[in-house]
file target07.cif (mmCIF, C-alpha atoms)
data_input
#
loop_
_atom_site.label_atom_id
_atom_site.label_comp_id
_atom_site.auth_asym_id
_atom_site.auth_seq_id
_atom_site.Cartn_x
_atom_site.Cartn_y
_atom_site.Cartn_z
CA MET A 238 0.00 0.00 0.00
CA THR A 239 2.08 2.89 -1.32
CA PRO A 240 -0.14 5.82 -2.37
CA ARG A 241 1.56 8.58 -4.35
CA PHE A 242 1.34 12.19 -3.20
CA ASP A 243 1.11 13.38 -6.81
CA ASP A 244 -2.17 11.51 -7.22
CA TYR A 245 -3.78 13.62 -4.47
CA ILE A 246 -2.37 17.09 -5.11
CA ASP A 247 -5.44 18.44 -6.91
CA LYS A 248 -7.80 17.08 -4.25
CA ILE A 249 -5.70 18.58 -1.47
CA ARG A 250 -5.53 21.97 -3.19
CA SER A 251 -9.32 22.01 -3.47
CA LEU A 252 -9.91 21.44 0.25
CA PRO A 253 -11.14 24.33 2.41
CA ALA A 254 -8.48 26.16 4.45
CA ASN A 255 -9.58 24.41 7.65
CA PRO A 256 -10.96 21.02 6.59
CA THR A 257 -13.28 19.06 8.85
CA ASP A 258 -13.67 15.31 9.13
CA ARG A 259 -16.39 15.49 6.49
CA ASP A 260 -13.87 16.98 4.06
CA VAL A 261 -11.13 14.38 4.49
CA VAL A 262 -12.74 11.18 5.80
CA THR A 263 -14.37 10.61 2.42
CA SER A 264 -14.28 8.19 -0.47
CA ASP A 265 -11.82 10.54 -2.21
CA PHE A 266 -9.16 9.52 0.31
CA LEU A 267 -10.26 5.98 1.19
CA LEU A 268 -7.44 3.50 0.49
CA ARG A 269 -8.70 0.12 1.65
CA GLU A 270 -11.46 -1.54 3.66
CA GLU A 271 -11.65 -4.79 5.59
CA GLY A 272 -14.89 -5.41 7.42
CA LEU A 273 -15.40 -2.44 9.74
CA ILE A 274 -11.78 -1.30 9.34
CA GLU A 275 -11.09 1.61 6.99
CA VAL A 276 -7.69 3.00 5.98
CA TYR A 277 -7.50 6.54 4.60
CA TYR A 278 -4.80 8.48 2.83
CA ALA A 279 -3.09 11.41 4.53
CA PRO A 280 -0.07 13.34 3.17
CA LEU A 281 2.45 11.63 5.45
CA HIS A 282 5.48 10.79 3.38
CA GLY A 283 9.24 10.89 3.66
CA ILE A 284 11.73 9.96 6.33
CA THR A 285 14.44 11.86 8.19
CA THR A 286 17.30 9.53 7.35
CA ASP A 287 19.74 11.32 9.68
CA ALA A 288 17.41 10.83 12.64
CA LYS A 289 18.80 9.52 15.91
CA ILE A 290 15.38 9.12 17.52
CA VAL A 291 12.31 7.49 15.95
CA ILE A 292 9.06 7.95 17.86
CA VAL A 293 6.40 5.44 16.79
CA GLY A 294 2.69 5.86 17.54
CA ILE A 295 0.03 3.36 16.50
CA THR A 296 -1.71 5.35 13.74
CA PRO A 297 -2.55 9.02 13.00
CA SER A 298 -5.76 10.11 14.71
CA ALA A 299 -8.56 12.03 13.00
CA VAL A 300 -7.13 15.22 14.54
CA GLN A 301 -3.68 14.49 13.11
CA MET A 302 -5.21 13.59 9.77
CA ARG A 303 -6.96 16.96 9.54
CA ALA A 304 -3.78 18.74 10.61
CA ALA A 305 -1.76 16.99 7.91
CA PHE A 306 -4.24 17.98 5.20
CA THR A 307 -4.46 21.54 6.53
CA GLU A 308 -0.67 21.94 6.40
CA ALA A 309 -0.36 20.22 3.03
CA ARG A 310 -2.99 22.48 1.47
CA ARG A 311 -1.40 25.62 2.91
CA LEU A 312 2.12 24.65 1.84
CA LEU A 313 0.97 23.70 -1.66
CA HIS A 314 -0.63 27.11 -2.03
CA GLU A 315 2.71 28.59 -0.94
CA ASP A 316 4.35 26.55 -3.72
CA MET A 317 6.46 24.48 -1.34
CA LYS A 318 7.60 21.22 -2.94
CA PRO A 319 8.54 17.80 -1.59
CA PRO A 320 10.60 16.70 0.26
CA HIS A 321 10.61 19.98 2.24
CA LEU A 322 6.82 19.93 2.27
CA PHE A 323 6.76 16.48 3.89
CA LYS A 324 9.33 17.47 6.52
CA GLU A 325 7.36 20.58 7.41
CA ILE A 326 4.12 18.64 7.79
CA ARG A 327 5.75 16.15 10.16
CA ARG A 328 7.49 18.88 12.17
CA ARG A 329 4.29 20.84 12.75
CA MET A 330 2.19 17.80 13.61
CA ALA A 331 4.50 16.04 16.03
CA PHE A 332 3.03 15.45 19.49
CA LYS A 333 1.87 18.95 20.33
CA GLY A 334 0.55 19.90 23.75
CA PRO A 335 0.78 17.98 27.07
CA MET A 336 1.82 14.76 25.30
CA ARG A 337 5.00 16.43 24.04
CA THR A 338 5.74 17.83 27.52
CA ASN A 339 5.39 14.38 29.10
CA LEU A 340 7.45 12.79 26.33
CA ASN A 341 10.32 15.26 26.72
CA ASP A 342 10.26 14.93 30.49
CA MET A 343 10.64 11.15 30.40
CA LEU A 344 13.26 11.15 27.63
CA ASP A 345 15.35 13.72 29.52
CA LYS A 346 15.15 11.77 32.78
CA ILE A 347 16.47 8.57 31.21
CA GLY A 348 19.41 10.40 29.65
CA VAL A 349 18.45 10.74 25.97
CA ALA A 350 19.28 14.46 25.74
CA GLU A 351 22.67 13.89 27.32
CA ARG A 352 23.52 11.06 24.89
CA LEU A 353 22.65 13.36 21.98
CA GLY A 354 24.60 16.31 23.35
CA LEU A 355 21.45 18.39 23.82
CA ALA A 356 20.36 20.51 26.75
CA SER A 357 16.89 18.96 26.50
CA THR A 358 14.93 16.75 24.12
CA THR A 359 12.60 19.72 23.63
CA GLN A 360 15.17 20.70 20.99
CA LEU A 361 14.08 17.70 18.92
CA PHE A 362 10.96 19.71 18.11
CA ASP A 363 12.91 22.88 17.38
CA ASP A 364 16.53 23.46 16.34
CA ALA A 365 17.45 19.76 16.53
CA SER A 366 14.45 18.51 14.53
CA HIS A 367 16.84 16.89 12.04
CA LEU A 368 17.57 14.29 14.74
CA LEU A 369 13.91 13.23 15.06
CA HIS A 370 11.71 11.10 12.84
CA SER A 371 8.12 10.78 14.06
CA THR A 372 5.94 8.13 12.48
CA SER A 373 3.23 5.54 13.10
CA ALA A 374 3.23 1.77 13.01
CA LEU A 375 0.31 2.15 10.61
CA ARG A 376 1.38 5.20 8.63
CA TYR A 377 -2.04 6.15 7.31
CA PRO A 378 -5.13 6.89 9.43
CA VAL A 379 -7.05 3.77 10.45
CA PHE A 380 -10.60 3.83 11.75
CA ASN A 381 -12.60 1.03 13.33
CA ARG A 382 -16.39 1.54 13.24
CA GLY A 383 -15.68 5.17 12.37
CA LYS A 384 -13.49 5.79 15.43
CA ASN A 385 -9.73 6.07 15.84
CA TYR A 386 -8.11 2.64 15.80
CA THR A 387 -6.29 1.97 19.09
CA GLY A 388 -4.34 -1.17 18.23
CA SER A 389 -6.90 -3.70 19.43
CA ASN A 390 -10.23 -5.13 18.27
CA PRO A 391 -8.74 -6.48 16.10
CA PRO A 392 -5.05 -6.53 16.99
CA ILE A 393 -2.80 -5.91 14.00
CA HIS A 394 -1.66 -9.53 13.72
CA ARG A 395 -5.24 -10.69 13.16
CA SER A 396 -5.93 -8.33 10.27
CA PRO A 397 -4.37 -9.10 6.85
CA LEU A 398 -5.02 -5.50 5.81
CA LEU A 399 -3.29 -3.96 8.83
CA LYS A 400 -0.37 -6.42 8.68
CA SER A 401 0.13 -5.50 5.03
CA LEU A 402 0.10 -1.78 5.84
CA LEU A 403 2.53 -2.29 8.72
CA THR A 404 5.10 -4.31 6.80
CA SER A 405 4.95 -2.12 3.70
CA THR A 406 5.56 1.15 5.56
CA LEU A 407 7.14 0.81 9.01
CA LEU A 408 9.70 -1.87 8.20
CA PRO A 409 11.31 0.10 5.33
CA GLU A 410 11.35 3.23 7.51
CA LEU A 411 13.20 1.59 10.39
CA ASP A 412 15.64 -0.07 8.00
CA GLN A 413 16.70 3.41 6.84
CA VAL A 414 17.64 4.55 10.35
CA PRO A 415 19.68 1.58 11.63
CA ASP A 416 21.29 3.45 14.55
CA ALA A 417 18.25 5.37 15.78
CA LEU A 418 16.71 4.80 19.19
CA ILE A 419 13.16 3.55 18.70
CA VAL A 420 10.57 4.93 21.11
CA PRO A 421 7.31 2.92 20.85
CA LEU A 422 4.23 4.65 22.23
CA GLY A 423 1.82 2.13 23.68
CA LYS A 424 1.60 -1.61 24.18
CA ALA A 425 0.17 -2.29 20.71
CA VAL A 426 3.29 -0.84 19.10
CA THR A 427 5.70 -2.66 21.42
CA THR A 428 4.08 -6.08 21.70
CA ASP A 429 2.32 -6.40 18.36
CA ALA A 430 3.66 -4.12 15.63
CA LEU A 431 7.38 -4.42 16.38
CA LYS A 432 7.06 -8.17 16.90
CA ILE A 433 5.44 -8.64 13.50
CA ILE A 434 8.31 -6.91 11.70
CA GLY A 435 10.98 -8.61 13.82
CA PHE A 436 12.07 -5.59 15.87
CA ASP A 437 10.78 -6.73 19.25
CA LYS A 438 14.22 -8.00 20.33
CA GLU A 439 16.20 -5.00 19.02
CA ARG A 440 18.40 -3.56 21.76
CA ARG A 441 17.70 -0.02 20.57
CA VAL A 442 13.97 -0.27 21.32
CA LEU A 443 12.80 1.47 24.50
CA ARG A 444 10.64 -1.42 25.63
CA GLY A 445 8.48 -0.49 28.60
CA PHE A 446 8.37 3.21 27.75
CA PRO A 447 4.97 4.57 28.90
CA HIS A 448 2.57 6.20 26.50
CA PRO A 449 2.95 9.96 27.16
CA SER A 450 -0.74 10.75 26.82
CA GLY A 451 -2.21 12.71 29.70
CA GLY A 452 -5.03 10.16 29.68
CA ASN A 453 -2.63 7.36 30.63
CA GLY A 454 -3.27 7.13 34.35
CA HIS A 455 -0.56 4.49 34.80
CA ARG A 456 2.17 6.55 33.11
CA LYS A 457 4.04 7.71 36.22
CA ALA A 458 3.89 4.34 37.97
CA GLN A 459 5.03 2.52 34.84
CA PHE A 460 7.87 4.99 34.33
CA GLN A 461 9.12 4.46 37.87
CA ARG A 462 8.87 0.70 37.46
CA GLU A 463 10.76 0.69 34.13
CA PHE A 464 13.18 3.53 34.91
CA ARG A 465 16.36 1.47 35.47
CA ASN A 466 15.66 -0.70 32.43
CA LEU A 467 15.08 2.34 30.20
CA CYS A 468 18.24 4.06 31.47
CA GLY A 469 20.20 0.90 30.69
CA ILE A 470 18.91 0.79 27.10
CA VAL A 471 19.89 4.45 26.61
CA ARG A 472 23.38 3.91 28.08
CA ALA A 473 23.98 0.93 25.78
CA TRP A 474 22.77 2.80 22.69
CA ASN A 475 25.42 4.28 20.41
CA PRO A 476 23.85 7.26 18.59
#
call {"tool": "encode", "arguments": {"input": "target07.cif", "output": "structure tokens"}}
result
Amino acid sequence: MTPRFDDYIDKIRSLPANPTDRDVVTSDFLLREEGLIEVYYAPLHGITTDAKIVIVGITPSAVQMRAAFTEARRLLHEDMKPPHLFKEIRRRMAFKGPMRTNLNDMLDKIGVAERLGLASTTQLFDDASHLLHSTSALRYPVFNRGKNYTGSNPPIHRSPLLKSLLTSTLLPELDQVPDALIVPLGKAVTTDALKIIGFDKERRVLRGFPHPSGGNGHRKAQFQREFRNLCGIVRAWNP
């Protein structure tokens, strides 16, 4: 499943300046269906090959999908071209708000900033953005019964469609950043997605890293429980 950006340029240009779900979750952008699972296109292409950190979510949410189309439309009207356009979309979308604050806090505490020679991992979203590649196990937005897919019901390994999407997008991405520290966000990424593509035993994977969402009530307890293990992975990593 490798949609081409060029095939969607005219449709993206014709979107309103601030598209809603009704503008983008449509048949114009539908890629594949499997039962109640739907996979939609979003302008999420490219990879930061010099990245030292790869942060992997499960799949773009509806909010992220709208943001990607909003940025793509705006940048196209400003005559920005790929690959700069793709980099700018990713940079502006990446983990804004409390999730980014929690993410930076945990990464700093386990020594990631120090290993990279940074004052703080907040720089990964600013002047050190060339060191970060943010992506999703399932690169394109996935919905189950019209709602954001969370990695379960069904799990990825039980869906031929989702397994195909995973192996055709995430595996080639990670192969292009062989020295990058992989930060999986959520159990579905760690125990299902990375296992399917054979990365579950990689030493550079921060296994046990808590999902930074403010809605994760177990985040602080999990971080304390996994702290020594996470620090050990960072110390052994050679950026």
call {"tool": "resolve_selection", "arguments": {"input": "target07.cif", "expression": "the PyMOL selection byres ((chain A and resi 275-287) around 6)", "output": "list of chain:residue names"}}
result
A:Phe266, A:Leu267, A:Leu268, A:Arg269, A:Glu270, A:Ile274, A:Ala288, A:Phe323, A:His370, A:Tyr377, A:Pro378, A:Val379, A:Phe380, A:Val414
call {"tool": "residues_around", "arguments": {"input": "target07.cif", "residues": "Ile433 of chain A", "least_positions_apart": "6", "cutoff": "10 Å", "atoms": "all atoms listed in the file", "output": "list of chain:residue names"}}
result
A:Ile393, A:His394, A:Lys400, A:Leu403, A:Thr404, A:Leu408, A:Val426, A:Thr427
call {"tool": "residues_around", "arguments": {"input": "target07.cif", "residues": "segment 449-453 of chain A", "least_positions_apart": "5", "cutoff": "6 Å", "atoms": "only C-alpha atoms", "output": "list in words"}}
result
Met336, Asn339 and Leu340 of chain A
call {"tool": "closest_residue", "arguments": {"input": "target07.cif", "among": "A:Arg352, A:Lys289, A:Lys457, A:Arg259", "to": "Val420 of chain A", "atoms": "only C-alpha atoms"}}
result
A:Lys289
call {"tool": "resolve_selection", "arguments": {"input": "target07.cif", "expression": "the PyMOL selection byres ((chain A and resi 407) around 9)", "output": "ChimeraX atom specification"}}
result
/A:372-376,402-406,408-412,430,434
call {"tool": "resolve_selection", "arguments": {"input": "target07.cif", "expression": "the PyMOL selection byres ((chain A and resi 312-318) around 12)", "output": "list in words"}}
result
Phe242, Asp243, Tyr245, Ile246, Asp247, Lys248, Ile249, Arg250, Ser251, Leu252, Pro253, Ala254, Pro280, Ala305, Phe306, Thr307, Glu308, Ala309, Arg310, Arg311, Pro319, Pro320, His321, Leu322, Phe323, Lys324, Glu325, Ile326 and Arg329 of chain A
call {"tool": "atom_distance", "arguments": {"input": "target07.cif", "atom1": "atom CA of Val300 of chain A", "atom2": "atom CA of Lys346 of chain A"}}
result
29.0 Å
call {"tool": "residues_around", "arguments": {"input": "target07.cif", "residues": "Leu361 of chain A", "least_positions_apart": "2", "cutoff": "10 Å", "atoms": "only C-alpha atoms", "output": "list in words"}}
result
Ala288, Lys289, Ile290, Arg328, Asn341, Ala350, Leu355, Ser357, Thr358, Thr359, Asp363, Asp364, Ala365, Ser366, His367, Leu368, Leu369 and His370 of chain A
call {"tool": "residues_around", "arguments": {"input": "target07.cif", "residues": "Gly423 of chain A", "least_positions_apart": "6", "cutoff": "9 Å", "atoms": "only C-alpha atoms", "output": "JSON list (two decimals) with C-alpha atoms, in the frame of the given file"}}
result
[["chain", "number", "residue", "atom", "x", "y", "z"],
["A", 293, "VAL", "CA", 6.40, 5.44, 16.79],
["A", 294, "GLY", "CA", 2.69, 5.86, 17.54],
["A", 295, "ILE", "CA", 0.03, 3.36, 16.50],
["A", 388, "GLY", "CA", -4.34, -1.17, 18.23],
["A", 445, "GLY", "CA", 8.48, -0.49, 28.60],
["A", 446, "PHE", "CA", 8.37, 3.21, 27.75],
["A", 447, "PRO", "CA", 4.97, 4.57, 28.90],
["A", 448, "HIS", "CA", 2.57, 6.20, 26.50],
["A", 449, "PRO", "CA", 2.95, 9.96, 27.16]]
call {"tool": "atom_distance", "arguments": {"input": "target07.cif", "atom1": "atom CA of Arg382 of chain A", "atom2": "atom CA of Ala304 of chain A"}}
result
21.5 Å
call {"tool": "atom_distance", "arguments": {"input": "target07.cif", "atom1": "atom CA of Lys424 of chain A", "atom2": "atom CA of Gly354 of chain A"}}
result
29.2 Å
call {"tool": "closest_residue", "arguments": {"input": "target07.cif", "among": "A:Arg337, A:Lys384, A:Arg327, A:Arg456", "to": "Leu273 of chain A", "atoms": "only C-alpha atoms"}}
result
A:Lys384
call {"tool": "residues_around", "arguments": {"input": "target07.cif", "residues": "Cys468 of chain A", "least_positions_apart": "2", "cutoff": "10 Å", "atoms": "only C-alpha atoms", "output": "ChimeraX atom specification"}}
result
/A:344,346-349,443,463-466,470-474
call {"tool": "write_last_selection", "arguments": {"input": "target07.cif", "atoms": "C-alpha atoms", "output": "PDB file, keeping the file's coordinate frame"}}
result
ATOM      1  CA  LEU A 344      13.260  11.150  27.630  1.00  0.00           C
ATOM      2  CA  LYS A 346      15.150  11.770  32.780  1.00  0.00           C
ATOM      3  CA  ILE A 347      16.470   8.570  31.210  1.00  0.00           C
ATOM      4  CA  GLY A 348      19.410  10.400  29.650  1.00  0.00           C
ATOM      5  CA  VAL A 349      18.450  10.740  25.970  1.00  0.00           C
ATOM      6  CA  LEU A 443      12.800   1.470  24.500  1.00  0.00           C
ATOM      7  CA  GLU A 463      10.760   0.690  34.130  1.00  0.00           C
ATOM      8  CA  PHE A 464      13.180   3.530  34.910  1.00  0.00           C
ATOM      9  CA  ARG A 465      16.360   1.470  35.470  1.00  0.00           C
ATOM     10  CA  ASN A 466      15.660  -0.700  32.430  1.00  0.00           C
ATOM     11  CA  ILE A 470      18.910   0.790  27.100  1.00  0.00           C
ATOM     12  CA  VAL A 471      19.890   4.450  26.610  1.00  0.00           C
ATOM     13  CA  ARG A 472      23.380   3.910  28.080  1.00  0.00           C
ATOM     14  CA  ALA A 473      23.980   0.930  25.780  1.00  0.00           C
ATOM     15  CA  TRP A 474      22.770   2.800  22.690  1.00  0.00           C
TER      16      TRP A 474
END
